[in-house]
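Student: Sharing model.txt here; it has compact mmCIF, C-alpha atoms.
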```txt
# COMPACT_ATOMS: atom_id res chain seq x y z
CA MET V 583 -14.37 -14.86 -47.81
CA GLN V 584 -13.90 -11.43 -49.30
CA ALA V 585 -17.21 -9.66 -49.36
CA ASP V 586 -18.84 -9.46 -52.77
CA GLN V 587 -17.26 -6.53 -54.57
CA GLY V 588 -19.10 -4.56 -57.20
CA PRO V 589 -17.86 -3.46 -60.64
CA LEU V 590 -15.94 -0.38 -59.35
CA PRO V 591 -12.18 -0.53 -60.01
CA VAL V 592 -11.37 0.96 -56.61
CA GLN V 593 -13.60 -0.17 -53.74
CA PRO V 594 -14.57 2.42 -51.14
CA PHE V 595 -14.18 -0.06 -48.31
CA LYS V 596 -11.21 -2.27 -47.61
CA ARG V 597 -12.04 -3.86 -44.25
CA TYR V 598 -15.22 -5.90 -44.10
CA VAL V 599 -17.14 -7.47 -41.28
CA GLU V 600 -16.73 -11.16 -41.91
CA ILE V 601 -16.13 -14.31 -39.93
CA GLY V 602 -12.52 -14.28 -38.93
CA ARG V 603 -12.08 -10.50 -39.00
CA VAL V 604 -9.86 -9.34 -36.13
CA ALA V 605 -11.19 -6.22 -34.45
CA LEU V 606 -10.10 -3.93 -31.62
CA VAL V 607 -12.61 -3.23 -28.87
CA ASN V 608 -12.90 0.53 -28.41
CA TYR V 609 -15.48 0.81 -25.62
CA GLY V 610 -16.50 -1.06 -22.50
CA LYS V 611 -15.10 -3.71 -20.22
CA GLU V 612 -12.81 -5.22 -22.87
CA TYR V 613 -11.43 -1.86 -24.01
CA GLY V 614 -8.17 -2.23 -25.95
CA ARG V 615 -8.45 -5.98 -26.55
CA LEU V 616 -8.13 -7.75 -29.88
CA VAL V 617 -11.12 -9.99 -30.64
CA VAL V 618 -12.22 -12.12 -33.58
CA ILE V 619 -15.67 -11.89 -35.15
CA VAL V 620 -16.96 -15.46 -35.17
CA ASP V 621 -20.56 -14.82 -36.21
CA VAL V 622 -22.92 -12.02 -37.12
CA ILE V 623 -26.07 -11.88 -35.00
CA ASP V 624 -28.03 -9.15 -36.73
CA GLN V 625 -27.57 -5.78 -38.32
CA ASN V 626 -25.93 -4.32 -35.23
CA ARG V 627 -24.31 -7.11 -33.30
CA ALA V 628 -21.63 -9.68 -33.77
CA LEU V 629 -20.62 -12.73 -31.81
CA VAL V 630 -17.08 -12.11 -30.74
CA ASP V 631 -14.39 -14.33 -29.22
CA ALA V 632 -10.78 -14.17 -28.04
CA PRO V 633 -8.48 -16.73 -26.42
CA ASP V 634 -8.94 -15.35 -22.90
CA ILE V 635 -12.52 -14.13 -22.83
CA VAL V 636 -15.88 -15.85 -22.79
CA ARG V 637 -17.48 -15.76 -26.24
CA GLY V 638 -20.18 -13.09 -26.29
CA GLN V 639 -22.07 -10.53 -28.32
CA MET V 640 -20.83 -7.05 -29.04
CA ASN V 641 -22.30 -4.13 -30.93
CA PHE V 642 -20.38 -3.20 -34.08
CA LYS V 643 -20.09 0.32 -32.72
CA ARG V 644 -17.80 -1.04 -30.04
CA LEU V 645 -15.47 -2.60 -32.59
CA SER V 646 -12.80 -1.08 -34.79
CA LEU V 647 -11.95 -3.41 -37.66
CA THR V 648 -8.31 -4.16 -38.35
CA ASP V 649 -6.56 -5.40 -41.48
CA ILE V 650 -6.01 -8.83 -40.03
CA LYS V 651 -8.24 -11.74 -40.95
CA ILE V 652 -7.97 -15.37 -39.94
CA ASP V 653 -9.39 -18.52 -41.48
CA ILE V 654 -12.02 -20.05 -39.19
CA PRO V 655 -15.35 -21.82 -39.58
CA ARG V 656 -18.47 -20.13 -38.19
CA VAL V 657 -18.40 -20.14 -34.36
CA PRO V 658 -15.34 -22.37 -33.92
CA LYS V 659 -14.43 -24.19 -30.73
CA LYS V 660 -12.04 -22.32 -28.50
CA LYS V 661 -9.17 -24.66 -29.34
CA THR V 662 -9.78 -24.23 -33.08
CA LEU V 663 -9.82 -20.47 -32.65
CA ILE V 664 -6.56 -20.43 -30.74
CA ASP V 665 -4.88 -22.70 -33.31
CA ALA V 666 -6.09 -20.52 -36.17
CA MET V 667 -4.79 -17.41 -34.43
CA GLU V 668 -1.40 -19.03 -33.93
CA ALA V 669 -1.28 -20.14 -37.56
CA ALA V 670 -2.07 -16.63 -38.80
CA ASP V 671 0.37 -15.15 -36.25
CA VAL V 672 -2.15 -12.49 -35.26
CA LYS V 673 -0.21 -11.24 -32.26
CA ASN V 674 3.01 -10.55 -34.14
CA LYS V 675 1.25 -9.08 -37.16
CA TRP V 676 -0.61 -6.71 -34.86
CA GLU V 677 2.47 -5.66 -32.90
CA LYS V 678 4.38 -5.00 -36.14
CA SER V 679 1.57 -2.99 -37.76
CA SER V 680 1.81 0.78 -37.38
CA TRP V 681 -1.53 0.92 -35.54
CA GLY V 682 -0.37 -1.74 -33.08
CA ARG V 683 2.99 -0.05 -32.59
CA LYS V 684 1.30 3.27 -31.86
CA LEU V 685 -0.85 1.66 -29.17
CA ILE V 686 2.18 0.08 -27.55
CA VAL V 687 3.94 3.44 -27.46
CA GLN V 688 0.86 5.11 -25.97
CA LYS V 689 0.69 2.47 -23.22
CA ARG V 690 4.39 2.87 -22.47
CA ARG V 691 4.09 6.66 -22.25
CA ALA V 692 1.12 6.40 -19.90
CA SER V 693 3.00 4.08 -17.58
CA LEU V 694 5.99 6.40 -17.21
CA ASN V 695 7.02 7.40 -13.72
CA ASP V 696 7.88 11.06 -12.86
CA PHE V 697 11.59 10.13 -12.89
CA ASP V 698 11.13 8.37 -16.25
CA ARG V 699 9.49 11.44 -17.73
CA PHE V 700 12.44 13.51 -16.53
CA LYS V 701 14.90 11.11 -18.16
CA VAL V 702 12.91 11.27 -21.41
CA MET V 703 13.14 15.06 -21.31
CA LEU V 704 16.93 14.89 -20.86
CA ALA V 705 17.19 12.41 -23.74
CA LYS V 706 15.09 14.64 -26.03
CA ILE V 707 17.30 17.63 -25.25
CA LYS V 708 20.42 15.57 -25.89
CA ARG V 709 19.05 14.29 -29.22
CA GLY V 710 18.01 17.80 -30.26
CA GLY V 711 21.47 19.07 -29.45
CA ALA V 712 23.13 16.33 -31.50
CA ILE V 713 20.84 17.05 -34.47
CA ARG V 714 21.57 20.76 -34.34
CA GLN V 715 25.30 20.10 -34.21
CA GLU V 716 25.13 17.92 -37.31
CA LEU V 717 23.00 20.52 -39.08
CA ALA V 718 25.47 23.26 -38.23
CA LYS V 719 28.30 21.09 -39.57
CA LEU V 720 26.45 20.44 -42.81
CA LYS V 721 25.62 24.13 -43.23
CA LYS V 722 29.24 25.04 -42.74
CA GLU V 723 30.32 22.47 -45.32
CA ASN V 724 27.72 23.74 -47.75
CA ALA V 725 28.73 27.37 -47.29
CA ALA V 726 32.36 26.52 -47.86
CA MET G 460 -11.98 -45.87 28.82
CA ILE G 461 -8.61 -44.19 28.81
CA ARG G 462 -9.92 -41.34 30.96
CA SER G 463 -11.50 -43.63 33.53
CA VAL G 464 -8.23 -45.51 33.74
CA SER G 465 -6.29 -42.33 34.44
CA TYR G 466 -8.84 -41.29 37.11
CA ALA G 467 -8.54 -44.67 38.71
CA ILE G 468 -4.80 -44.33 38.88
CA LEU G 469 -5.21 -40.86 40.44
CA LEU G 470 -7.33 -42.30 43.18
CA GLY G 471 -5.34 -45.40 43.57
CA TRP G 472 -8.56 -47.36 43.33
CA PRO G 473 -8.36 -51.00 42.62
CA PHE G 474 -10.27 -51.91 39.46
CA GLU G 475 -11.00 -55.00 37.46
CA GLY G 476 -7.82 -56.97 37.15
CA SER G 477 -7.44 -57.58 33.42
CA THR G 478 -7.43 -53.88 32.54
CA VAL G 479 -4.56 -53.16 34.96
CA LEU G 480 -2.13 -55.27 33.03
CA ARG G 481 -3.16 -53.82 29.67
CA ILE G 482 -2.08 -50.26 30.58
CA SER G 483 0.72 -49.14 28.29
CA LEU G 484 3.73 -47.39 29.81
CA PRO G 485 3.27 -44.07 28.04
CA LEU G 486 -0.27 -43.88 29.41
CA LEU G 487 1.02 -44.41 32.92
CA ALA G 488 3.65 -41.76 32.28
CA LEU G 489 0.87 -39.39 31.16
CA ALA G 490 -1.06 -39.88 34.38
CA MET G 491 1.98 -39.68 36.61
CA ALA G 492 3.76 -36.85 34.74
CA PRO G 493 4.06 -33.69 36.86
CA THR G 494 3.66 -31.28 33.89
CA LYS G 495 0.19 -31.53 32.35
CA LYS G 496 -0.80 -29.83 29.09
CA GLU G 497 -3.27 -27.00 29.83
CA ARG G 498 -6.75 -27.76 28.51
CA THR G 499 -7.63 -25.18 25.86
CA ALA G 500 -11.17 -26.13 24.83
CA SER G 501 -14.27 -26.23 27.00
CA ARG G 502 -15.52 -29.69 27.94
CA ASN G 503 -19.04 -28.55 27.09
CA PRO G 504 -19.46 -27.92 23.35
CA SER G 505 -22.17 -25.38 22.59
CA LEU G 506 -25.12 -26.51 20.48
CA VAL G 507 -26.63 -23.08 20.04
CA ARG G 508 -25.34 -19.87 21.57
CA GLY G 509 -26.12 -20.09 25.27
CA ILE G 510 -26.99 -23.80 25.30
CA GLY G 511 -24.36 -26.41 26.09
CA LYS G 512 -24.52 -30.05 25.18
CA PHE G 513 -24.23 -31.35 28.72
CA SER G 514 -26.34 -30.61 31.81
CA ARG G 515 -24.98 -29.35 35.11
CA SER G 516 -24.89 -32.84 36.64
CA LYS G 517 -23.13 -34.27 33.59
CA MET G 518 -20.59 -31.44 33.68
CA TYR G 519 -20.03 -32.05 37.39
CA HIS G 520 -19.10 -35.61 36.52
CA LYS G 521 -16.97 -34.65 33.50
CA ARG G 522 -14.91 -32.11 35.41
CA GLY G 523 -14.16 -34.76 37.97
CA ILE G 524 -15.30 -32.71 40.96
CA TRP G 525 -16.37 -36.02 42.55
CA ALA G 526 -12.82 -37.35 42.15
CA ILE G 527 -11.19 -34.22 43.57
CA LYS G 528 -13.59 -34.26 46.52
CA ALA G 529 -12.88 -37.87 47.23
CA LYS G 530 -9.16 -37.21 47.04
CA HIS G 531 -9.48 -34.47 49.64
CA GLY G 532 -11.67 -36.37 52.10
CA GLY G 533 -15.21 -35.46 51.07
CA SER G 534 -15.06 -31.73 50.47
CA PHE G 535 -13.67 -29.52 47.70
CA PRO G 536 -10.29 -28.11 48.72
CA ARG G 537 -10.32 -24.43 49.58
CA HIS G 538 -7.62 -21.85 50.14
CA GLU G 539 -7.13 -20.84 53.74
CA PRO G 540 -8.94 -17.62 54.54
CA LYS G 541 -6.69 -14.57 54.25
CA PRO G 542 -5.55 -13.24 57.63
CA ALA G 543 -7.53 -10.19 58.62
CA SER G 544 -5.42 -7.21 57.68
CA ALA G 545 -5.22 -4.15 59.89
CA PRO G 546 -8.36 -2.00 59.55
CA PRO G 547 -7.79 0.98 57.22
CA PRO G 548 -7.01 4.24 59.02
CA ALA G 549 -10.19 5.98 60.19
CA VAL G 550 -11.36 8.72 57.82
CA LYS G 551 -12.58 11.91 59.54
CA PRO G 552 -15.93 13.20 58.26
CA PRO G 553 -15.35 16.31 56.11
CA LYS G 554 -15.91 19.75 57.73
CA PHE G 555 -17.69 21.17 54.71
CA TYR G 556 -20.24 19.69 52.34
CA PRO G 557 -20.93 21.72 49.17
CA ALA G 558 -24.56 22.73 48.65
CA ASP G 559 -24.84 21.33 45.12
CA ASP G 560 -23.46 18.06 43.87
CA VAL G 561 -20.55 18.82 41.56
CA LYS G 562 -19.93 16.23 38.86
CA THR G 563 -16.27 15.27 38.53
CA PRO G 564 -15.30 15.01 34.90
CA ILE G 565 -14.12 11.62 33.64
CA PRO G 566 -10.33 11.77 33.12
CA ASN G 567 -9.32 11.86 29.46
CA ARG G 568 -7.03 8.93 28.73
CA ARG G 569 -6.84 9.50 24.96
CA LYS G 570 -3.34 9.43 23.51
CA PRO G 571 -3.26 10.91 20.01
CA LYS G 572 -1.45 8.77 17.41
CA PRO G 573 0.63 10.24 14.59
CA THR G 574 -1.29 10.68 11.31
CA LYS G 575 -1.65 7.49 9.29
CA LEU G 576 1.11 7.47 6.70
CA ARG G 577 0.07 6.83 3.12
CA ALA G 578 1.20 3.42 1.91
CA SER G 579 3.10 5.00 -0.99
CA ILE G 580 5.35 6.95 1.40
CA THR G 581 8.20 4.80 2.77
CA PRO G 582 11.64 5.89 4.03
CA GLY G 583 13.69 6.88 0.99
CA THR G 584 10.76 7.86 -1.23
CA VAL G 585 11.22 10.92 -3.43
CA LEU G 586 8.41 13.38 -2.68
CA ILE G 587 7.26 16.44 -4.62
CA LEU G 588 6.45 19.41 -2.35
CA LEU G 589 3.29 21.18 -3.45
CA ALA G 590 3.22 24.31 -1.33
CA GLY G 591 5.40 26.71 0.52
CA ARG G 592 8.82 28.13 -0.15
CA PHE G 593 10.06 24.93 -1.78
CA MET G 594 7.02 24.36 -4.00
CA GLY G 595 7.80 21.91 -6.80
CA LYS G 596 11.06 20.70 -5.29
CA ARG G 597 11.77 17.01 -5.35
CA VAL G 598 12.89 15.89 -1.94
CA VAL G 599 13.85 12.70 -0.06
CA PHE G 600 11.61 11.42 2.73
CA LEU G 601 13.44 10.29 5.87
CA LYS G 602 10.91 9.39 8.53
CA GLN G 603 7.61 10.32 10.13
CA LEU G 604 7.91 12.34 13.34
CA PRO G 605 5.73 11.68 16.41
CA SER G 606 3.59 14.74 15.57
CA GLY G 607 2.66 13.13 12.23
CA LEU G 608 4.71 15.48 10.06
CA LEU G 609 7.22 14.08 7.63
CA LEU G 610 10.95 14.68 8.10
CA VAL G 611 12.43 15.53 4.74
CA THR G 612 15.78 16.65 3.31
CA GLY G 613 16.76 18.02 -0.14
CA PRO G 614 19.61 16.98 0.22
CA PHE G 615 20.68 20.54 0.90
CA MET G 616 23.71 20.43 -1.43
CA ILE G 617 21.54 19.30 -4.33
CA ASN G 618 18.46 21.48 -4.17
CA GLY G 619 18.70 23.78 -1.16
CA VAL G 620 16.02 22.09 0.92
CA PRO G 621 17.34 21.56 4.48
CA LEU G 622 16.17 19.06 7.07
CA ARG G 623 12.60 20.16 7.33
CA ARG G 624 9.17 19.11 8.49
CA VAL G 625 6.43 18.82 5.91
CA ASN G 626 2.76 17.89 6.08
CA GLN G 627 1.73 14.73 4.27
CA ALA G 628 -1.22 16.52 2.67
CA TYR G 629 1.02 18.90 0.71
CA VAL G 630 3.09 16.23 -0.89
CA ILE G 631 2.94 13.91 -3.93
CA ALA G 632 4.74 10.61 -3.39
CA THR G 633 6.57 9.36 -6.46
CA SER G 634 7.50 5.72 -6.91
CA THR G 635 11.23 6.52 -7.01
CA LYS G 636 13.08 5.32 -3.92
CA VAL G 637 16.53 6.20 -2.61
CA ASP G 638 18.56 3.74 -0.53
CA LEU G 639 18.61 4.99 3.09
CA SER G 640 20.76 2.24 4.57
CA GLY G 641 23.66 4.45 5.65
CA VAL G 642 21.56 7.25 7.11
CA ASN G 643 20.81 7.64 10.82
CA VAL G 644 17.85 9.89 11.66
CA ASP G 645 17.14 8.76 15.21
CA LYS G 646 18.14 12.02 16.82
CA PHE G 647 15.54 14.15 15.03
CA ASP G 648 12.14 14.74 16.56
CA ASP G 649 9.65 17.61 16.80
CA LYS G 650 11.54 19.37 19.62
CA TYR G 651 14.54 19.79 17.30
CA PHE G 652 12.45 21.93 14.95
CA THR G 653 10.50 24.16 17.34
CA LYS G 654 11.27 27.88 17.27
CA GLU G 655 13.10 29.20 20.32
CA LYS G 656 11.03 31.57 22.46
CA LYS G 657 12.03 35.23 22.18
CA LYS G 658 12.82 36.79 25.51
CA THR G 659 10.61 39.91 25.90
CA THR G 660 12.78 42.80 27.10
CA LYS G 661 11.12 45.63 28.93
CA LYS G 662 11.18 48.85 26.93
CA GLY G 663 11.70 52.26 28.35
CA GLU G 664 9.60 55.22 27.11
CA GLY G 665 12.16 56.45 24.64
CA GLU G 666 12.83 53.07 23.20
CA PHE G 667 9.11 52.41 22.78
CA PHE G 668 8.94 54.52 19.65
CA GLU G 669 11.89 52.91 18.01
CA THR G 670 11.17 50.08 15.63
CA ASP G 671 11.97 46.61 16.86
CA LYS G 672 15.48 45.61 15.93
CA GLU G 673 15.12 42.39 13.96
CA GLU G 674 17.83 40.06 15.08
CA THR G 675 18.55 37.65 12.31
CA LYS G 676 19.82 34.59 14.08
CA ALA G 677 22.52 32.68 12.28
CA LEU G 678 21.92 28.94 12.03
CA PRO G 679 23.78 27.22 14.88
CA GLN G 680 26.78 25.20 13.76
CA GLU G 681 25.30 22.08 15.34
CA LYS G 682 22.38 22.11 12.90
CA LYS G 683 24.73 22.58 9.95
CA ASP G 684 26.73 19.58 11.10
CA ASP G 685 23.56 17.49 11.45
CA GLN G 686 22.59 18.43 7.90
CA LYS G 687 26.02 17.43 6.57
CA ALA G 688 25.99 14.16 8.49
CA VAL G 689 22.64 13.11 7.03
CA ASP G 690 23.36 14.35 3.53
CA SER G 691 26.83 12.81 3.07
CA GLN G 692 25.47 9.25 3.14
CA LEU G 693 22.40 10.20 1.12
CA ILE G 694 24.35 11.89 -1.66
CA LYS G 695 26.49 8.79 -2.10
CA ALA G 696 23.35 6.70 -2.58
CA ILE G 697 21.91 9.29 -4.98
CA GLU G 698 25.01 9.49 -7.15
CA ALA G 699 24.88 5.74 -7.58
CA VAL G 700 21.73 6.13 -9.70
CA GLU G 701 22.12 7.79 -13.09
CA ASP G 702 20.45 11.20 -13.51
CA LEU G 703 18.91 11.08 -10.02
CA LYS G 704 21.02 14.00 -8.81
CA VAL G 705 19.88 16.20 -11.71
CA TYR G 706 16.31 15.02 -11.14
CA LEU G 707 16.37 16.08 -7.50
CA GLY G 708 17.87 19.42 -8.46
CA ALA G 709 15.05 20.24 -10.86
CA ARG G 710 11.62 21.53 -9.88
CA PHE G 711 8.42 19.82 -10.95
CA SER G 712 5.88 21.78 -12.94
CA LEU G 713 2.80 21.00 -14.98
CA ARG G 714 3.22 21.57 -18.68
CA SER G 715 0.70 21.87 -21.47
CA GLY G 716 -1.06 18.58 -22.04
CA MET G 717 -0.17 17.05 -18.65
CA LYS G 718 -3.28 15.85 -16.88
CA PRO G 719 -2.49 15.26 -13.17
CA HIS G 720 -5.29 12.75 -12.74
CA GLU G 721 -3.86 10.66 -15.57
CA LEU G 722 -0.19 11.05 -14.68
CA LYS G 723 1.53 8.21 -12.97
CA PHE G 724 3.97 9.37 -10.30
```
Spit out the file's structure as structure tokens when you get a sec.
Tutor:
Amino acid sequence: MQADQGPLPVQPFKRYVEIGRVALVNYGKEYGRLVVIVDVIDQNRALVDAPDIVRGQMNFKRLSLTDIKIDIPRVPKKKTLIDAMEAADVKNKWEKSSWGRKLIVQKRRASLNDFDRFKVMLAKIKRGGAIRQELAKLKKENAA
Amino acid sequence: MIRSVSYAILLGWPFEGSTVLRISLPLLALAMAPTKKERTASRNPSLVRGIGKFSRSKMYHKRGIWAIKAKHGGSFPRHEPKPASAPPPAVKPPKFYPADDVKTPIPNRRKPKPTKLRASITPGTVLILLAGRFMGKRVVFLKQLPSGLLLVTGPFMINGVPLRRVNQAYVIATSTKVDLSGVNVDKFDDKYFTKEKKKTTKKGEGEFFETDKEETKALPQEKKDDQKAVDSQLIKAIEAVEDLKVYLGARFSLRSGMKPHELKF
């Protein structure tokens, strides 16, 4: 359910806390995990669930809302949740989104070995060289 | 029942007729077999620490001391007493007794072990040297010497680091490994690397005021050959991996934004 929107033509908020909202945990034990809001407990806390964690409460301050929303009843059974997530293709949507892609790149960079970092440096130099060559060629053509 | 049967056979005692015929052949074989399996567990299970299940008299019976005694005519068999050896040579009383008792120190039997090698350092690991002349150089680890120091080589042709000893504390171990299968490092130990002692020549009065002539010793050919022998196999293994040669030739340095505690080596 889209939250009740007022008469303004452009709403200030786009992502709402609602049942089925997918959020990213940004603090604590489950840092970096995607979870689904399955119920709202009070002004500050939500009941949160994911396929591989035990359903539990989390403060909203620990959650960063994403654009993804799935269709679930209030506090669904684990199986229902998993089926709904598969139907909405949450994993792929997340990995294709620019936010998700950025996180993947960050993780990959952090896991680089010293040798890997060296190879990346060589590749960057090579790419820079190729770009400069092309640029020089284009400049020459333009001048002519 | 089985045990009493085997005892009976040991003693050759006649026992109630029906049971004799019911002995199976393998059981007989067990009793008669010359090789017996050594008993591993105690016959007296412990109930609580220090208290066994069976009393002394029960244990006497269980161990079969009565059977052994009966077999040897009433008494437990004993070894013959050792023949009296010749009395040890007479020791003369000492001429001098010291006034105070001097305590003899206990002999030190401690044998120092080489330093425990970090689990991340295995033969063939690429290490980053953190101090000294070759600071920042990436180097191949060969083996740990008996003194605990690490034997390391550049290889010399790639980055100028010769066969050298290095302390484990001044080294970062990366997770890159080089294949050491063709390399033989058995001949290197700590004695190979010790400096040779300078012979002190006596100086006359005139020569005393002259500055010491520094003799720069050239590296003996044997050491150069050793270096080549180790490096030839190593370089082949290194060239098999793309970019590894360039990697080993470059020095490591921290750049802006690199946090060593967050870097993965």
Student: Fewer than 6 positions away in the same chain doesn't count, so skip those; otherwise give me all residues within 12 Å of Gly708 (chain G), counting only C-alpha atoms, as a PDB file with C-alpha atoms, in the frame of the given file.
Tutor:
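Output (part23.pdb):
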```pdb
ATOM      1  CA  PHE V 700      12.440  13.510 -16.530  1.00  0.00           C
TER       2      PHE V 700
ATOM      3  CA  VAL G 585      11.220  10.920  -3.430  1.00  0.00           C
ATOM      4  CA  ILE G 587       7.260  16.440  -4.620  1.00  0.00           C
ATOM      5  CA  PHE G 593      10.060  24.930  -1.780  1.00  0.00           C
ATOM      6  CA  GLY G 595       7.800  21.910  -6.800  1.00  0.00           C
ATOM      7  CA  LYS G 596      11.060  20.700  -5.290  1.00  0.00           C
ATOM      8  CA  ARG G 597      11.770  17.010  -5.350  1.00  0.00           C
ATOM      9  CA  VAL G 598      12.890  15.890  -1.940  1.00  0.00           C
ATOM     10  CA  VAL G 599      13.850  12.700  -0.060  1.00  0.00           C
ATOM     11  CA  GLY G 613      16.760  18.020  -0.140  1.00  0.00           C
ATOM     12  CA  PRO G 614      19.610  16.980   0.220  1.00  0.00           C
ATOM     13  CA  PHE G 615      20.680  20.540   0.900  1.00  0.00           C
ATOM     14  CA  MET G 616      23.710  20.430  -1.430  1.00  0.00           C
ATOM     15  CA  ILE G 617      21.540  19.300  -4.330  1.00  0.00           C
ATOM     16  CA  ASN G 618      18.460  21.480  -4.170  1.00  0.00           C
ATOM     17  CA  GLY G 619      18.700  23.780  -1.160  1.00  0.00           C
ATOM     18  CA  VAL G 620      16.020  22.090   0.920  1.00  0.00           C
ATOM     19  CA  ILE G 697      21.910   9.290  -4.980  1.00  0.00           C
ATOM     20  CA  ASP G 702      20.450  11.200 -13.510  1.00  0.00           C
TER      21      ASP G 702
END
```
Student: Residues of region 527-599 of chain G that have any atom at most 6 Å from an atom of region 629-650 of chain G: could you tabulate them with the shortest-distance atom pair and the distance in Å to one decimal, using only C-alpha atoms, ordered by chain and increasing number, as a tab-separated table?
Tutor:
```
residue	atom	partner	partner_atom	distance
G:Gly583	CA	G:Val637	CA	4.6
G:Thr584	CA	G:Lys636	CA	4.4
G:Val585	CA	G:Thr635	CA	5.7
G:Leu586	CA	G:Ala632	CA	4.7
G:Ile587	CA	G:Ile631	CA	5.1
G:Leu588	CA	G:Val630	CA	4.9
G:Leu589	CA	G:Tyr629	CA	5.3
```
Student: Can I get the residues of chain V within 12 Å of chain G, each with the closest pair of atoms and their distance in Å to one decimal, using all atoms listed in the file, sorted chain first then ascending number, as CSV?
Tutor:
```
residue,atom,partner,partner_atom,distance
V:Lys689,CA,G:Lys723,CA,11.8
V:Arg690,CA,G:Lys723,CA,11.3
V:Arg691,CA,G:Leu722,CA,9.7
V:Ala692,CA,G:Leu722,CA,7.1
V:Ser693,CA,G:Lys723,CA,6.4
V:Leu694,CA,G:Lys723,CA,6.4
V:Asn695,CA,G:Phe724,CA,5.0
V:Asp696,CA,G:Phe724,CA,5.0
V:Phe697,CA,G:Thr635,CA,6.9
V:Asp698,CA,G:Phe724,CA,9.4
V:Arg699,CA,G:Phe724,CA,9.5
V:Phe700,CA,G:Tyr706,CA,6.8
V:Lys701,CA,G:Asp702,CA,7.2
V:Val702,CA,G:Asp702,CA,10.9
V:Met703,CA,G:Tyr706,CA,10.7
V:Leu704,CA,G:Asp702,CA,8.9
V:Ala705,CA,G:Asp702,CA,10.8
```
Student: Figure out the distance between CA of Val672 (chain V) and CA of Thr648 (chain V), please, to one decimal in Å.
Tutor: 10.8 Å
Student: Work out how far CA of Arg515 (chain G) is from CA of Phe535 (chain G), in Å to one decimal.
Tutor: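 Between these atoms lies a distance of 16.9 Å.
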Student: Do you have the CA of Leu576 (chain G)-CA of Thr612 (chain G) distance handy?
Tutor: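 Interatomic distance, CA of Leu576 (chain G) to CA of Thr612 (chain G): 17.6 Å.
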Student: Would you kindly return, as a PDB file with C-alpha atoms, in the frame of the given file, each protein, DNA or RNA residue with an atom no farther than 8 Å from any atom of region 499-510 of chain G, considering only C-alpha atoms and excluding same-chain residues fewer than 4 positions away?
Tutor:
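Written output follows (out-v4.pdb):
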```pdb
ATOM      1  CA  MET G 518     -20.590 -31.440  33.680  1.00  0.00           C
ATOM      2  CA  LYS G 521     -16.970 -34.650  33.500  1.00  0.00           C
ATOM      3  CA  ARG G 522     -14.910 -32.110  35.410  1.00  0.00           C
TER       4      ARG G 522
END
```
Student: Taking all listed atoms of region 593-610 of chain V, build the axis-aligned box, pad each of the six sides by 6 Å, then write its centre and edge lengths in Å to one decimal as AutoDock Vina command-line options.
Tutor:
```
--center_x -13.5 --center_y -5.9 --center_z -38.1 --size_x 19.3 --size_y 28.7 --size_z 43.2
```
Student: Need to verify the contact set: Lys661 (chain V), 12 Å, only C-alpha atoms, exclusion of same-chain residues closer than 4 positions in sequence. Can you return it as a ChimeraX atom specification?
Tutor: /V:631-634,654,657,665-668
Student: Dig up all the protein and nucleic acid residues within 12 Å of (26.6, 16.7, 8.8) in the file frame, using all atoms listed in the file, and format them as a list in words.
Tutor: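 Checking each residue against the 12 Å limit leaves Pro614, Phe615, Met616, Pro621, Leu622, Val642, Asn643, Val644, Gln680, Glu681, Lys682, Lys683, Asp684, Asp685, Gln686, Lys687, Ala688, Val689, Asp690, Ser691, Gln692, Leu693 and Ile694 of chain G.
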Student: Please dump the current selection as an mmCIF file, in the frame of the given file; keep C-alpha atoms.
Tutor:
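Result written to selection17.cif:
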```cif
data_model
loop_
_atom_site.group_PDB
_atom_site.id
_atom_site.type_symbol
_atom_site.label_atom_id
_atom_site.label_comp_id
_atom_site.auth_asym_id
_atom_site.auth_seq_id
_atom_site.Cartn_x
_atom_site.Cartn_y
_atom_site.Cartn_z
ATOM 1 C CA PRO G 614 19.610 16.980 0.220
ATOM 2 C CA PHE G 615 20.680 20.540 0.900
ATOM 3 C CA MET G 616 23.710 20.430 -1.430
ATOM 4 C CA PRO G 621 17.340 21.560 4.480
ATOM 5 C CA LEU G 622 16.170 19.060 7.070
ATOM 6 C CA VAL G 642 21.560 7.250 7.110
ATOM 7 C CA ASN G 643 20.810 7.640 10.820
ATOM 8 C CA VAL G 644 17.850 9.890 11.660
ATOM 9 C CA GLN G 680 26.780 25.200 13.760
ATOM 10 C CA GLU G 681 25.300 22.080 15.340
ATOM 11 C CA LYS G 682 22.380 22.110 12.900
ATOM 12 C CA LYS G 683 24.730 22.580 9.950
ATOM 13 C CA ASP G 684 26.730 19.580 11.100
ATOM 14 C CA ASP G 685 23.560 17.490 11.450
ATOM 15 C CA GLN G 686 22.590 18.430 7.900
ATOM 16 C CA LYS G 687 26.020 17.430 6.570
ATOM 17 C CA ALA G 688 25.990 14.160 8.490
ATOM 18 C CA VAL G 689 22.640 13.110 7.030
ATOM 19 C CA ASP G 690 23.360 14.350 3.530
ATOM 20 C CA SER G 691 26.830 12.810 3.070
ATOM 21 C CA GLN G 692 25.470 9.250 3.140
ATOM 22 C CA LEU G 693 22.400 10.200 1.120
ATOM 23 C CA ILE G 694 24.350 11.890 -1.660
#
```
Student: Counting only C-alpha atoms, find residues at most 8 Å from (2.4, 12.2, 16.3) (file frame) and give them as JSON, numbers by chain.
Tutor: {"G": [571, 572, 573, 574, 604, 605, 606, 607, 608]}
Student: Do a neighbour search on Pro582 (chain G) at 7 Å with only C-alpha atoms, toss out local chain neighbours closer than 2 positions, and write the hits as a PyMOL selection string.
Tutor: chain G and resi 580+584+600-602
